[in-house]
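Trainee: Contents of my_file_32.csv (CSV, C-alpha atoms) are below:
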```csv
chain,number,residue,atom,x,y,z
A,17,MET,CA,6.1,-19.4,10.2
A,18,LEU,CA,4.0,-18.1,7.2
A,19,SER,CA,0.8,-18.3,9.2
A,20,TYR,CA,2.5,-16.1,11.9
A,21,VAL,CA,3.5,-13.5,9.3
A,22,ALA,CA,0.1,-13.5,7.7
A,23,ASP,CA,-1.5,-13.1,11.2
A,24,LEU,CA,0.8,-10.3,12.1
A,25,ASP,CA,0.1,-8.6,8.7
A,26,LYS,CA,-3.7,-8.8,9.4
A,27,ARG,CA,-3.3,-7.4,12.9
A,28,MET,CA,-1.2,-4.5,11.7
A,29,PHE,CA,-3.8,-3.9,9.0
A,30,PHE,CA,-6.6,-3.7,11.5
A,31,HIS,CA,-4.5,-1.5,13.9
A,32,ILE,CA,-3.8,1.0,11.1
A,33,VAL,CA,-7.5,1.0,9.8
A,34,ASN,CA,-8.8,1.5,13.4
A,35,CYS,CA,-6.4,4.4,14.0
A,36,THR,CA,-7.5,5.9,10.7
A,37,GLN,CA,-11.2,5.7,11.7
A,38,ARG,CA,-10.6,6.9,15.3
A,39,HIS,CA,-8.7,10.0,14.1
A,40,GLY,CA,-11.0,10.8,11.1
A,41,LEU,CA,-8.2,10.4,8.6
A,42,TYR,CA,-10.1,8.5,5.9
A,43,ALA,CA,-10.7,11.6,3.6
A,44,HIS,CA,-7.1,12.6,4.0
A,45,ALA,CA,-5.9,9.1,3.1
A,46,LYS,CA,-8.1,9.3,-0.1
A,47,ARG,CA,-6.4,12.6,-1.1
A,48,VAL,CA,-2.9,11.2,-0.4
A,49,SER,CA,-3.7,8.0,-2.3
A,50,ALA,CA,-4.9,10.1,-5.3
A,51,SER,CA,-1.6,12.0,-5.4
A,52,GLY,CA,-0.1,8.6,-6.4
A,53,ASP,CA,-2.2,8.1,-9.5
A,54,GLY,CA,-0.2,7.7,-12.7
A,55,HIS,CA,-0.9,11.0,-14.4
A,56,VAL,CA,0.8,12.9,-11.5
A,57,TYR,CA,4.2,11.3,-12.4
A,58,LEU,CA,3.7,12.1,-16.1
A,59,TYR,CA,2.9,15.8,-15.4
A,60,LEU,CA,5.7,16.2,-12.9
A,61,SER,CA,8.4,14.6,-15.0
A,62,LEU,CA,7.3,16.4,-18.2
A,63,GLY,CA,7.2,19.7,-16.3
A,64,LEU,CA,10.7,19.2,-15.0
A,65,MET,CA,11.9,18.0,-18.4
A,66,LEU,CA,10.8,21.3,-19.9
A,67,THR,CA,12.0,23.6,-17.1
A,68,HIS,CA,15.1,22.1,-15.5
A,69,ALA,CA,18.5,20.9,-16.7
A,70,GLN,CA,18.2,17.6,-15.0
A,71,GLY,CA,14.6,17.1,-16.0
A,72,GLN,CA,15.5,14.9,-19.0
A,73,ALA,CA,17.6,12.6,-16.8
A,74,LEU,CA,14.7,12.2,-14.4
A,75,PHE,CA,12.2,11.5,-17.3
A,76,ASN,CA,14.5,8.9,-18.9
A,77,LEU,CA,15.2,7.2,-15.6
A,78,MET,CA,11.5,7.1,-14.6
A,79,LEU,CA,10.4,5.8,-18.1
A,80,ALA,CA,13.0,3.0,-18.1
A,81,SER,CA,12.2,2.1,-14.5
A,82,PHE,CA,8.5,1.9,-15.2
A,83,LEU,CA,9.2,-0.3,-18.2
A,84,VAL,CA,10.9,-2.8,-15.8
A,85,GLU,CA,8.5,-2.3,-12.8
A,86,LEU,CA,5.2,-2.6,-14.6
A,87,PRO,CA,5.6,-6.0,-16.2
A,88,LEU,CA,7.0,-7.4,-12.9
A,89,TYR,CA,4.1,-5.8,-11.0
A,90,LEU,CA,1.6,-7.4,-13.3
A,91,LEU,CA,3.3,-10.8,-13.2
A,92,LEU,CA,3.5,-10.8,-9.4
A,93,LYS,CA,0.0,-9.6,-8.9
A,94,ASN,CA,-1.6,-12.1,-11.2
A,95,SER,CA,0.6,-15.0,-10.0
A,96,ILE,CA,0.3,-14.4,-6.3
A,97,ARG,CA,-3.4,-13.4,-6.5
A,98,ARG,CA,-3.7,-12.3,-2.9
A,99,ILE,CA,-7.3,-11.1,-2.2
A,100,ARG,CA,-7.5,-7.5,-1.0
A,101,PRO,CA,-8.7,-7.0,2.5
A,102,CYS,CA,-11.7,-5.0,1.3
A,103,HIS,CA,-12.8,-8.1,-0.7
A,104,GLY,CA,-11.6,-10.9,1.5
A,105,LEU,CA,-12.1,-10.1,5.2
A,106,VAL,CA,-15.5,-11.1,6.4
A,107,GLY,CA,-17.3,-8.2,8.0
A,108,PHE,CA,-14.9,-5.6,6.8
A,109,GLU,CA,-16.0,-2.8,4.4
A,110,SER,CA,-13.7,0.0,3.2
A,111,GLY,CA,-16.0,2.2,1.3
A,112,PHE,CA,-13.3,2.5,-1.4
A,113,GLU,CA,-13.4,0.3,-4.5
A,114,PRO,CA,-9.9,-0.5,-6.0
A,115,SER,CA,-9.4,-1.2,-9.7
A,116,ASP,CA,-8.8,-4.9,-9.3
A,117,ARG,CA,-9.2,-7.8,-6.8
A,118,PHE,CA,-5.6,-8.5,-5.9
A,119,SER,CA,-3.4,-6.8,-3.5
A,120,LEU,CA,0.2,-8.1,-3.6
A,121,PRO,CA,2.3,-6.0,-4.5
A,122,SER,CA,0.8,-2.6,-4.1
A,123,GLY,CA,0.9,-0.9,-7.5
A,124,HIS,CA,0.4,2.6,-6.1
A,125,THR,CA,3.3,2.0,-3.7
A,126,ALA,CA,5.6,0.5,-6.4
A,127,ALA,CA,5.0,3.5,-8.7
A,128,ALA,CA,5.5,6.0,-5.8
A,129,PHE,CA,8.8,4.4,-5.0
A,130,VAL,CA,9.9,4.4,-8.7
A,131,MET,CA,9.2,8.2,-8.5
A,132,ALA,CA,10.9,8.7,-5.2
A,133,THR,CA,14.0,6.7,-6.0
A,134,SER,CA,14.3,8.3,-9.4
A,135,VAL,CA,14.1,11.7,-7.7
A,136,ALA,CA,16.7,10.6,-5.2
A,137,GLN,CA,19.0,9.6,-8.0
A,138,VAL,CA,18.7,12.8,-10.0
A,139,TYR,CA,17.9,15.4,-7.2
A,140,PRO,CA,19.4,14.0,-4.0
A,141,ILE,CA,18.4,17.0,-2.0
A,142,ALA,CA,14.8,16.2,-2.6
A,143,ALA,CA,15.1,12.6,-1.6
A,144,PRO,CA,13.7,12.9,2.0
A,145,ALA,CA,10.6,14.7,0.8
A,146,ALA,CA,10.1,12.2,-2.1
A,147,TYR,CA,10.4,9.2,0.2
A,148,VAL,CA,8.1,10.7,2.9
A,149,TRP,CA,5.5,11.2,0.1
A,150,ALA,CA,6.0,7.6,-1.2
A,151,LEU,CA,5.6,6.2,2.3
A,152,GLY,CA,2.4,8.3,2.7
A,153,ILE,CA,1.0,6.8,-0.5
A,154,GLY,CA,1.7,3.3,0.8
A,155,GLY,CA,0.2,4.1,4.2
A,156,SER,CA,-2.8,5.6,2.7
A,157,ARG,CA,-3.6,2.4,0.8
A,158,ILE,CA,-3.7,0.5,4.1
A,159,CYS,CA,-5.9,3.3,5.6
A,160,LEU,CA,-8.3,2.9,2.8
A,161,GLY,CA,-8.6,-0.8,3.4
A,162,VAL,CA,-7.3,-2.0,0.0
A,163,HIS,CA,-3.8,-3.3,1.0
A,164,TYR,CA,-2.1,-5.1,3.8
A,165,PRO,CA,1.2,-3.8,5.2
A,166,LEU,CA,3.2,-6.5,3.5
A,167,ASP,CA,1.7,-5.4,0.1
A,168,ILE,CA,3.2,-2.0,0.8
A,169,VAL,CA,6.6,-3.4,1.6
A,170,ALA,CA,6.6,-5.5,-1.5
A,171,GLY,CA,5.6,-2.5,-3.6
A,172,ALA,CA,8.3,-0.4,-2.1
A,173,VAL,CA,10.9,-3.1,-2.8
A,174,LEU,CA,9.7,-3.5,-6.4
A,175,GLY,CA,9.7,0.2,-7.2
A,176,THR,CA,13.0,0.9,-5.6
A,177,GLY,CA,14.6,-2.2,-7.1
A,178,ALA,CA,13.4,-1.3,-10.6
A,179,VAL,CA,15.2,2.1,-10.4
A,180,LEU,CA,18.4,0.7,-8.9
A,181,LEU,CA,18.5,-2.0,-11.6
A,182,VAL,CA,18.0,0.5,-14.4
A,183,HIS,CA,20.0,3.5,-13.1
A,184,PRO,CA,23.5,2.2,-13.9
A,185,VAL,CA,22.4,1.5,-17.5
A,186,ILE,CA,20.7,4.9,-18.1
```
For this file, write the structure as structure tokens.

Mentor:
Amino acid sequence: MLSYVADLDKRMFFHIVNCTQRHGLYAHAKRVSASGDGHVYLYLSLGLMLTHAQGQALFNLMLASFLVELPLYLLLKNSIRRIRPCHGLVGFESGFEPSDRFSLPSGHTAAAFVMATSVAQVYPIAAPAAYVWALGIGGSRICLGVHYPLDIVAGAVLGTGAVLLVHPVI
């Protein structure tokens, strides 16, 4: 069963990467992925904290959620140690060098889903846009050749779960 899932994951990966190349979306994927770098969350949450009544609630929820998500992310990534497709697939080159060797779970996706789920809790009207953006970040990581689809699913579950765990306490 596990080999079937791993094979399906690889086939989905190649399908997405091939579509990205065929439609010339690599540069766009790089820009979308960069929008999920950590400093964006800090600037957005601080900006809302200073300008909007619910901004403090968003900042507090995000901070507490990241304090749960980040250690779990590091524990999982360094325990599972799944080699990234750009480092482990013979004959595949992505042209994009990630910050580490391991891919499961996707840290960019986990962080994007912490942000999206926090936004959904504090600003429900903005939830659809936040989740579309978070999914875009996850998808861009596959397009760049640095994650398999299951890495993205794991990151989304981790990020969402951290917020849902913390939200009742905050």

Trainee: Can you check which parts of stretch 46-146 of chain A lie within 12 Å of stretch 180-184 of chain A? Per residue, the shortest pair of atoms and distance in Å to one decimal, counting all atoms listed in the file, sorted by chain and number, as JSON lines.

Mentor:
```
{"residue": "A:Ala73", "atom": "CA", "partner": "A:His183", "partner_atom": "CA", "distance": 10.1}
{"residue": "A:Leu74", "atom": "CA", "partner": "A:His183", "partner_atom": "CA", "distance": 10.3}
{"residue": "A:Phe75", "atom": "CA", "partner": "A:His183", "partner_atom": "CA", "distance": 11.9}
{"residue": "A:Asn76", "atom": "CA", "partner": "A:His183", "partner_atom": "CA", "distance": 9.6}
{"residue": "A:Leu77", "atom": "CA", "partner": "A:His183", "partner_atom": "CA", "distance": 6.6}
{"residue": "A:Met78", "atom": "CA", "partner": "A:Val182", "partner_atom": "CA", "distance": 9.3}
{"residue": "A:Leu79", "atom": "CA", "partner": "A:Val182", "partner_atom": "CA", "distance": 10.0}
{"residue": "A:Ala80", "atom": "CA", "partner": "A:Val182", "partner_atom": "CA", "distance": 6.7}
{"residue": "A:Ser81", "atom": "CA", "partner": "A:Val182", "partner_atom": "CA", "distance": 6.0}
{"residue": "A:Phe82", "atom": "CA", "partner": "A:Val182", "partner_atom": "CA", "distance": 9.6}
{"residue": "A:Leu83", "atom": "CA", "partner": "A:Val182", "partner_atom": "CA", "distance": 9.6}
{"residue": "A:Val84", "atom": "CA", "partner": "A:Val182", "partner_atom": "CA", "distance": 8.0}
{"residue": "A:Glu85", "atom": "CA", "partner": "A:Val182", "partner_atom": "CA", "distance": 10.0}
{"residue": "A:Phe129", "atom": "CA", "partner": "A:Leu180", "partner_atom": "CA", "distance": 11.0}
{"residue": "A:Val130", "atom": "CA", "partner": "A:Leu180", "partner_atom": "CA", "distance": 9.3}
{"residue": "A:Met131", "atom": "CA", "partner": "A:Leu180", "partner_atom": "CA", "distance": 11.9}
{"residue": "A:Ala132", "atom": "CA", "partner": "A:Leu180", "partner_atom": "CA", "distance": 11.6}
{"residue": "A:Thr133", "atom": "CA", "partner": "A:Leu180", "partner_atom": "CA", "distance": 8.0}
{"residue": "A:Ser134", "atom": "CA", "partner": "A:His183", "partner_atom": "CA", "distance": 8.3}
{"residue": "A:Val135", "atom": "CA", "partner": "A:His183", "partner_atom": "CA", "distance": 11.5}
{"residue": "A:Ala136", "atom": "CA", "partner": "A:Leu180", "partner_atom": "CA", "distance": 10.7}
{"residue": "A:Gln137", "atom": "CA", "partner": "A:His183", "partner_atom": "CA", "distance": 8.0}
{"residue": "A:Val138", "atom": "CA", "partner": "A:His183", "partner_atom": "CA", "distance": 9.9}
```

Trainee: Just write the chosen residues, C-alpha atoms, as a CSV table (one decimal), in the coordinates of the input.

Mentor:
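For reference, out-v6.csv as written:
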```csv
chain,number,residue,atom,x,y,z
A,73,ALA,CA,17.6,12.6,-16.8
A,74,LEU,CA,14.7,12.2,-14.4
A,75,PHE,CA,12.2,11.5,-17.3
A,76,ASN,CA,14.5,8.9,-18.9
A,77,LEU,CA,15.2,7.2,-15.6
A,78,MET,CA,11.5,7.1,-14.6
A,79,LEU,CA,10.4,5.8,-18.1
A,80,ALA,CA,13.0,3.0,-18.1
A,81,SER,CA,12.2,2.1,-14.5
A,82,PHE,CA,8.5,1.9,-15.2
A,83,LEU,CA,9.2,-0.3,-18.2
A,84,VAL,CA,10.9,-2.8,-15.8
A,85,GLU,CA,8.5,-2.3,-12.8
A,129,PHE,CA,8.8,4.4,-5.0
A,130,VAL,CA,9.9,4.4,-8.7
A,131,MET,CA,9.2,8.2,-8.5
A,132,ALA,CA,10.9,8.7,-5.2
A,133,THR,CA,14.0,6.7,-6.0
A,134,SER,CA,14.3,8.3,-9.4
A,135,VAL,CA,14.1,11.7,-7.7
A,136,ALA,CA,16.7,10.6,-5.2
A,137,GLN,CA,19.0,9.6,-8.0
A,138,VAL,CA,18.7,12.8,-10.0
```

Trainee: Pick out the closest residue to A:Thr125 from this set: A:Leu18, A:Ala150, A:Leu91, A:Leu62. Count all atoms listed in the file.

Mentor: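 Going through A:Leu18, A:Ala150, A:Leu91, A:Leu62 one by one, the smallest distance to A:Thr125 is for A:Ala150.
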
Trainee: My list of candidates is A:Gln72, A:Ser119, A:Ser61, A:Ser156. Which is closest to A:Ala170 when distances are computed with only C-alpha atoms?

Mentor: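 Looking at the shortest contact to A:Ala170, the residue is A:Ser119.
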
Trainee: Padding 4 Å on each side, edges along x, y and z: where is the centre of the box around the listed atoms of stretch 60-74 of chain A, and how long are its edges in Å to one decimal? Output it as JSON.

Mentor:
```
{"center_x": 12.1, "center_y": 17.9, "center_z": -16.4, "size_x": 20.8, "size_y": 19.4, "size_z": 15.0}
```

Trainee: Measure the distance from atom CA of A:Asp116 to atom CA of A:Met17 in Å and round it to one decimal.

Mentor: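 Computing the Euclidean distance for atom CA of A:Asp116 and atom CA of A:Met17 yields 28.5 Å.
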
Trainee: Considering all atoms listed in the file, state which residue in the set A:Ile32, A:Ala126, A:Met65, A:Leu92 is at the smallest distance from A:Ala172.

Mentor: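 Ranking A:Ile32, A:Ala126, A:Met65, A:Leu92 by distance to A:Ala172, first place goes to A:Ala126.
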
Trainee: In Å, how far is it from atom CA of A:Gly123 to atom CA of A:Leu86?

Mentor: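 Between these atoms lies a distance of 8.5 Å.
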
Trainee: Name the closest residue to A:Cys159 among the candidates A:His55, A:Tyr89, A:Pro101, A:Gly63; distances are taken between atoms, counting only C-alpha atoms.

Mentor: A:Pro101

Trainee: Could you tell me how far atom CA of A:Pro165 sits from atom CA of A:Ile96, in Å to one decimal place?

Mentor: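 Separation of atom CA of A:Ile96 and atom CA of A:Pro165: 15.7 Å.
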
Trainee: Residues within 6 Å of (3.4, 6.5, -9.3), file coordinates, counting all atoms listed in the file: what are they? Give the list as a short mmCIF file (atom, residue, chain, number, x, y, z; two decimals) with C-alpha atoms, in the frame of the given file.

Mentor:
```
data_model
loop_
_atom_site.label_atom_id
_atom_site.label_comp_id
_atom_site.auth_asym_id
_atom_site.auth_seq_id
_atom_site.Cartn_x
_atom_site.Cartn_y
_atom_site.Cartn_z
CA GLY A 52 -0.10 8.60 -6.40
CA ASP A 53 -2.20 8.10 -9.50
CA GLY A 54 -0.20 7.70 -12.70
CA TYR A 57 4.20 11.30 -12.40
CA HIS A 124 0.40 2.60 -6.10
CA ALA A 127 5.00 3.50 -8.70
CA ALA A 128 5.50 6.00 -5.80
#
```

Trainee: Can you pull out every residue within 12 Å of stretch 19-31 of chain A, counting all atoms listed in the file, but drop anything in the same chain fewer than 3 positions away, and send it as a PDB file with C-alpha atoms, in the coordinates of the input?

Mentor:
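Final output, saved to around.pdb:
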```pdb
ATOM      1  CA  ASN A  34      -8.800   1.500  13.400  1.00  0.00           C
ATOM      2  CA  CYS A  35      -6.400   4.400  14.000  1.00  0.00           C
ATOM      3  CA  THR A  36      -7.500   5.900  10.700  1.00  0.00           C
ATOM      4  CA  GLN A  37     -11.200   5.700  11.700  1.00  0.00           C
ATOM      5  CA  ARG A  38     -10.600   6.900  15.300  1.00  0.00           C
ATOM      6  CA  ARG A  98      -3.700 -12.300  -2.900  1.00  0.00           C
ATOM      7  CA  ARG A 100      -7.500  -7.500  -1.000  1.00  0.00           C
ATOM      8  CA  PRO A 101      -8.700  -7.000   2.500  1.00  0.00           C
ATOM      9  CA  CYS A 102     -11.700  -5.000   1.300  1.00  0.00           C
ATOM     10  CA  GLY A 104     -11.600 -10.900   1.500  1.00  0.00           C
ATOM     11  CA  LEU A 105     -12.100 -10.100   5.200  1.00  0.00           C
ATOM     12  CA  PHE A 108     -14.900  -5.600   6.800  1.00  0.00           C
ATOM     13  CA  GLU A 109     -16.000  -2.800   4.400  1.00  0.00           C
ATOM     14  CA  SER A 110     -13.700   0.000   3.200  1.00  0.00           C
ATOM     15  CA  GLY A 155       0.200   4.100   4.200  1.00  0.00           C
ATOM     16  CA  SER A 156      -2.800   5.600   2.700  1.00  0.00           C
ATOM     17  CA  ARG A 157      -3.600   2.400   0.800  1.00  0.00           C
ATOM     18  CA  ILE A 158      -3.700   0.500   4.100  1.00  0.00           C
ATOM     19  CA  CYS A 159      -5.900   3.300   5.600  1.00  0.00           C
ATOM     20  CA  LEU A 160      -8.300   2.900   2.800  1.00  0.00           C
ATOM     21  CA  GLY A 161      -8.600  -0.800   3.400  1.00  0.00           C
ATOM     22  CA  VAL A 162      -7.300  -2.000   0.000  1.00  0.00           C
ATOM     23  CA  HIS A 163      -3.800  -3.300   1.000  1.00  0.00           C
ATOM     24  CA  TYR A 164      -2.100  -5.100   3.800  1.00  0.00           C
ATOM     25  CA  PRO A 165       1.200  -3.800   5.200  1.00  0.00           C
ATOM     26  CA  LEU A 166       3.200  -6.500   3.500  1.00  0.00           C
ATOM     27  CA  ASP A 167       1.700  -5.400   0.100  1.00  0.00           C
ATOM     28  CA  ILE A 168       3.200  -2.000   0.800  1.00  0.00           C
ATOM     29  CA  VAL A 169       6.600  -3.400   1.600  1.00  0.00           C
TER      30      VAL A 169
END
```

Trainee: Would you mind telling me which residue in A:Ile153, A:Leu60, A:Ile186, A:Ile99 lies nearest to A:Gly171 when using all atoms listed in the file?

Mentor: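 Of all the options, A:Ile153 lies closest to A:Gly171.
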
Trainee: Restore N, CA, C and O atoms in stretch 90-106 of chain A and list the result as an mmCIF file, in the coordinates of the input.

Mentor:
```
data_model
loop_
_atom_site.group_PDB
_atom_site.id
_atom_site.type_symbol
_atom_site.label_atom_id
_atom_site.label_comp_id
_atom_site.auth_asym_id
_atom_site.auth_seq_id
_atom_site.Cartn_x
_atom_site.Cartn_y
_atom_site.Cartn_z
ATOM 1 N N LEU A 90 2.693 -6.675 -12.774
ATOM 2 C CA LEU A 90 1.600 -7.400 -13.300
ATOM 3 C C LEU A 90 1.805 -8.951 -13.158
ATOM 4 O O LEU A 90 0.878 -9.691 -12.811
ATOM 5 N N LEU A 91 3.027 -9.389 -13.390
ATOM 6 C CA LEU A 91 3.300 -10.800 -13.200
ATOM 7 C C LEU A 91 3.148 -11.248 -11.776
ATOM 8 O O LEU A 91 2.506 -12.272 -11.513
ATOM 9 N N LEU A 92 3.678 -10.470 -10.841
ATOM 10 C CA LEU A 92 3.500 -10.800 -9.400
ATOM 11 C C LEU A 92 2.079 -10.789 -8.979
ATOM 12 O O LEU A 92 1.593 -11.721 -8.332
ATOM 13 N N LYS A 93 1.379 -9.712 -9.310
ATOM 14 C CA LYS A 93 0.000 -9.600 -8.900
ATOM 15 C C LYS A 93 -0.890 -10.690 -9.388
ATOM 16 O O LYS A 93 -1.709 -11.235 -8.655
ATOM 17 N N ASN A 94 -0.702 -11.056 -10.641
ATOM 18 C CA ASN A 94 -1.600 -12.100 -11.200
ATOM 19 C C ASN A 94 -1.072 -13.499 -10.956
ATOM 20 O O ASN A 94 -1.821 -14.454 -11.186
ATOM 21 N N SER A 95 0.142 -13.647 -10.441
ATOM 22 C CA SER A 95 0.600 -15.000 -10.000
ATOM 23 C C SER A 95 0.284 -15.243 -8.575
ATOM 24 O O SER A 95 -0.172 -16.333 -8.227
ATOM 25 N N ILE A 96 0.507 -14.260 -7.714
ATOM 26 C CA ILE A 96 0.300 -14.400 -6.300
ATOM 27 C C ILE A 96 -1.231 -14.427 -5.980
ATOM 28 O O ILE A 96 -1.717 -15.230 -5.190
ATOM 29 N N ARG A 97 -1.953 -13.499 -6.568
ATOM 30 C CA ARG A 97 -3.400 -13.400 -6.500
ATOM 31 C C ARG A 97 -3.920 -13.310 -5.023
ATOM 32 O O ARG A 97 -4.906 -13.943 -4.658
ATOM 33 N N ARG A 98 -3.252 -12.514 -4.228
ATOM 34 C CA ARG A 98 -3.700 -12.300 -2.900
ATOM 35 C C ARG A 98 -4.934 -11.392 -2.879
ATOM 36 O O ARG A 98 -4.899 -10.292 -3.441
ATOM 37 N N ILE A 99 -5.996 -11.851 -2.262
ATOM 38 C CA ILE A 99 -7.300 -11.100 -2.200
ATOM 39 C C ILE A 99 -7.091 -9.875 -1.341
ATOM 40 O O ILE A 99 -6.550 -9.961 -0.241
ATOM 41 N N ARG A 100 -7.573 -8.742 -1.818
ATOM 42 C CA ARG A 100 -7.500 -7.500 -1.000
ATOM 43 C C ARG A 100 -8.316 -7.634 0.249
ATOM 44 O O ARG A 100 -9.329 -8.320 0.271
ATOM 45 N N PRO A 101 -7.898 -6.911 1.295
ATOM 46 C CA PRO A 101 -8.700 -7.000 2.500
ATOM 47 C C PRO A 101 -10.117 -6.513 2.367
ATOM 48 O O PRO A 101 -11.022 -7.079 2.983
ATOM 49 N N CYS A 102 -10.349 -5.530 1.508
ATOM 50 C CA CYS A 102 -11.700 -5.000 1.300
ATOM 51 C C CYS A 102 -12.596 -6.048 0.601
ATOM 52 O O CYS A 102 -13.816 -5.930 0.623
ATOM 53 N N HIS A 103 -11.991 -7.057 -0.016
ATOM 54 C CA HIS A 103 -12.800 -8.100 -0.700
ATOM 55 C C HIS A 103 -12.727 -9.429 0.042
ATOM 56 O O HIS A 103 -13.580 -10.282 -0.219
ATOM 57 N N GLY A 104 -11.751 -9.632 0.917
ATOM 58 C CA GLY A 104 -11.600 -10.900 1.500
ATOM 59 C C GLY A 104 -11.791 -11.074 2.998
ATOM 60 O O GLY A 104 -11.887 -12.190 3.502
ATOM 61 N N LEU A 105 -11.873 -9.971 3.710
ATOM 62 C CA LEU A 105 -12.100 -10.100 5.200
ATOM 63 C C LEU A 105 -13.557 -9.973 5.474
ATOM 64 O O LEU A 105 -14.202 -8.960 5.199
ATOM 65 N N VAL A 106 -14.078 -11.027 6.049
ATOM 66 C CA VAL A 106 -15.500 -11.100 6.400
ATOM 67 C C VAL A 106 -15.838 -10.004 7.387
ATOM 68 O O VAL A 106 -15.157 -9.823 8.391
#
```
